[in-house]
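Right, one structure below, let's go through it.
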Amino acid sequence: MDTAAVSGQDGPVVYGLSLRAPEATVTLLVTALQRYHRRIGSRWSKHGFRLQAVLTCAFLEGGHTYRQLAEGNGIPRSTCYDLIQEGIKVLARRALPLTEVVRLAVAAGWDYLIVDGVNIPTNRINSRIGRRQIWYSGKHKRHGGAVTTVAAPDGELLWVSGVLPGRTVDITAARRFKIAEKILDYLGLLADLGYVGLHPDAIVGRRKPRGRPMPPATREANRLQAQLRCVGERGNAQLKAWKVLANDFRGSPKRITRIVKAVLTLHYWIRAPFAVAES
């Protein structure tokens, strides 16, 4: 099992990577890094590809700072930053596009996919447009980035979008990435009430009529739809199980796109290493 040493208050602390990033996953990342360096004409790494792979997984899994990982492994902070960012870039480039996810879902015989939105918390951002902080989410009462996820009928995470400012509502994010158009030509699409009006063929619940009680038939239809759709929250949970996304993201929120794409690749590798080893 590979480990990464991280400095703590009482001295170095060793964090194992066996929980989320097993040895097979680290080996896949090492191979991907080697291929990347061959492609750019650099066939070696001063600190070794395995250390780079372990540092990248430790950063994504444990949410440790660059300084902690650098001090624990005896390398400069700037070098640690460069190694991790390159590892994240290599992982992000291997994330499956939504069109490929839909093709695999059709081949698997699924009837529908589930779309949902998740807010990735960030540190306070001072960027303002029209005197409004675009990274502040009024719904979540915090600064963050809006990411859209697509999950399988059993809730397994399949795809993540790029990051948009936290104030972006779910339906706007889905329209921005043309999620409904890419899915509904082949499969059904389930979504919560935040996506009402997304597409005529999307299966979305009905809102309660203003000033009138909801008809029993509509209430029952909403209940049945919610039973199928709510499983998609599992995909959000799988994404935020990686501590780099669960805690307040310390870097520029625009970098969250690469982070979530890298996490998605590791997510696939951990669950089906042999199926994606040659991807």
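Chain identifiers are assigned as A, B, and so on, following the order in which chains appear in the structure tokens; residues are numbered from 1 within each chain, and ligands are numbered from 1 in order of appearance.
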Per residue of range 125-185 of chain A within 7 Å of range 116-119 of chain A, note the shortest atom pair and the distance in Å to one decimal, counting only C-alpha atoms, and order the rows by chain and increasing residue number, as CSV.
residue,atom,partner,partner_atom,distance
A:Gly144,CA,A:Asn119,CA,6.0
A:Gly145,CA,A:Asn119,CA,5.6
A:Ala146,CA,A:Asn119,CA,4.9
A:Val147,CA,A:Val118,CA,5.4
A:Thr148,CA,A:Gly117,CA,4.4
A:Thr149,CA,A:Asp116,CA,5.4
A:Val150,CA,A:Asp116,CA,6.5
A:Gly166,CA,A:Asn119,CA,6.9
A:Asp170,CA,A:Gly117,CA,5.7
Pull C-alpha atoms from the residues just selected and write them as a CSV table (one decimal), in the first residue's frame.
chain,number,residue,atom,x,y,z
A,144,GLY,CA,-19.3,27.9,-3.9
A,145,GLY,CA,-19.3,26.5,-7.4
A,146,ALA,CA,-22.3,25.0,-9.1
A,147,VAL,CA,-21.6,21.5,-10.6
A,148,THR,CA,-24.2,19.3,-12.3
A,149,THR,CA,-24.0,15.5,-12.0
A,150,VAL,CA,-25.6,12.7,-14.0
A,166,GLY,CA,-22.4,29.5,-7.2
A,170,ASP,CA,-29.7,24.1,-11.5
Residue neighbourhood Lys89 in chain A, 12 Å, only C-alpha atoms, exclusion window fewer than 5 positions, as a list in words: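 Counting only C-alpha atoms, the residues come to Leu29, Ala32, Leu33, Tyr36, Ala53, Thr56, Asp82, Leu83, Ile84, Arg94, Ala95, Arg255, Ile256, Thr257, Arg258, Ile259, Val260, Lys261, Ala262, Val263 and Thr265 of chain A.
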DSSP-assigned strand (DSSP E) among range 120-278 of chain A, expressed as a PyMOL selection string: chain A and resi 120-121+128-129+132-133+136-137+142-151+157-160+164-165+188-191+203-204
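Going from CA of Thr168 in chain A to CA of Lys139 in chain A covers 10.0 Å.
Compared by their closest atoms to Thr99 in chain A, and using only C-alpha atoms, the residues A:Pro76, A:Ala58, A:Glu181, A:Ala173 rank with A:Glu181 nearest.
Picture a line from CA of Asp154 in chain A to CA of Gln225 in chain A; it runs 14.0 Å.
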Non-local contacts of Leu193 in chain A (10 Å; only C-alpha atoms; under 5 positions in same chain excluded) as a PyMOL selection string: chain A and resi 170-171+203-207+222+226
For the residues in that selection, give me C-alpha atoms as a PDB file, in the first residue's frame.
ATOM      1  CA  ASP A 170     -29.731  24.099 -11.518  1.00  0.00           C
ATOM      2  CA  ILE A 171     -31.815  24.502 -14.662  1.00  0.00           C
ATOM      3  CA  ILE A 203     -39.628  13.596 -16.260  1.00  0.00           C
ATOM      4  CA  VAL A 204     -39.984  16.287 -13.593  1.00  0.00           C
ATOM      5  CA  GLY A 205     -42.443  16.562 -10.716  1.00  0.00           C
ATOM      6  CA  ARG A 206     -45.391  18.974 -10.721  1.00  0.00           C
ATOM      7  CA  ARG A 207     -45.466  22.059  -8.505  1.00  0.00           C
ATOM      8  CA  ASN A 222     -44.760  13.132  -7.636  1.00  0.00           C
ATOM      9  CA  ALA A 226     -39.303  11.101  -6.287  1.00  0.00           C
TER      10      ALA A 226
END
Would you list the contacts of Trp242 in chain A as a ChimeraX atom specification, taking every protein, DNA or RNA residue within 10 Å and counting only C-alpha atoms, but skipping same-chain residues closer than 4 positions in sequence? /A:20,57-63,237-238,246-247,260,263,267
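The shell of residues at most 12 Å from Glu100 in chain A, with only C-alpha atoms counted and near chain neighbours (fewer than 6 positions) removed, consists of Arg94, Val106, Ala107, Leu158, Trp159, Lys182, Ile183 and Tyr186 of chain A.
CA of Pro121 in chain A is found 15.9 Å from CA of Ser161 in chain A.
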If we count only C-alpha atoms and set the cut-off at 10 Å, which residues sit around range 47-49 of chain A, ignoring sequence neighbours fewer than 5 positions away in its own chain? Please answer as a PDB file with C-alpha atoms, in the first residue's frame.
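As a result, part10.pdb now contains:
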ATOM      1  CA  VAL A  26      -2.202   4.362  -8.076  1.00  0.00           C
ATOM      2  CA  THR A  27      -0.588   2.050 -10.646  1.00  0.00           C
ATOM      3  CA  LEU A  29      -2.201   6.816 -12.584  1.00  0.00           C
ATOM      4  CA  VAL A  30       1.518   6.017 -12.779  1.00  0.00           C
ATOM      5  CA  THR A  31       0.950   4.485 -16.228  1.00  0.00           C
ATOM      6  CA  ALA A  32      -1.086   7.499 -17.341  1.00  0.00           C
ATOM      7  CA  LEU A  33       1.671   9.872 -16.183  1.00  0.00           C
ATOM      8  CA  GLN A  34       4.299   7.863 -18.021  1.00  0.00           C
ATOM      9  CA  HIS A  37       5.471  12.350 -20.418  1.00  0.00           C
ATOM     10  CA  VAL A  54       0.512   9.173  -4.471  1.00  0.00           C
ATOM     11  CA  LEU A  55       0.678  12.928  -3.843  1.00  0.00           C
ATOM     12  CA  ILE A  75      10.209  18.246  -1.332  1.00  0.00           C
ATOM     13  CA  THR A  79       7.534  21.241  -6.682  1.00  0.00           C
ATOM     14  CA  CYS A  80       4.702  19.529  -4.797  1.00  0.00           C
ATOM     15  CA  LEU A  83       3.469  17.552  -9.422  1.00  0.00           C
ATOM     16  CA  GLY A  87      -1.415  14.708 -11.993  1.00  0.00           C
TER      17      GLY A  87
END
Which is closest to Leu239 in chain A among A:Arg210, A:Ala151, A:Arg219, A:Tyr66, if we use only C-alpha atoms?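 Counting only C-alpha atoms, the residue closest to Leu239 in chain A is A:Ala151.
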With a distance cut-off of 8 Å and only C-alpha atoms, select the neighbouring residues of Leu198 in chain A, excluding the residue or stretch itself and same-chain residues fewer than 5 positions from it, and output the selection as a list of chain:residue names.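 Skipping anything fewer than 5 positions along the chain leaves A:Ile171, A:Ala174, A:Arg175, A:Ala180.
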Give me, as a PyMOL selection string, the residues of range 72-159 of chain A that a backbone DSSP run labels alpha helix (DSSP H). chain A and resi 72-73+77-93+98-108
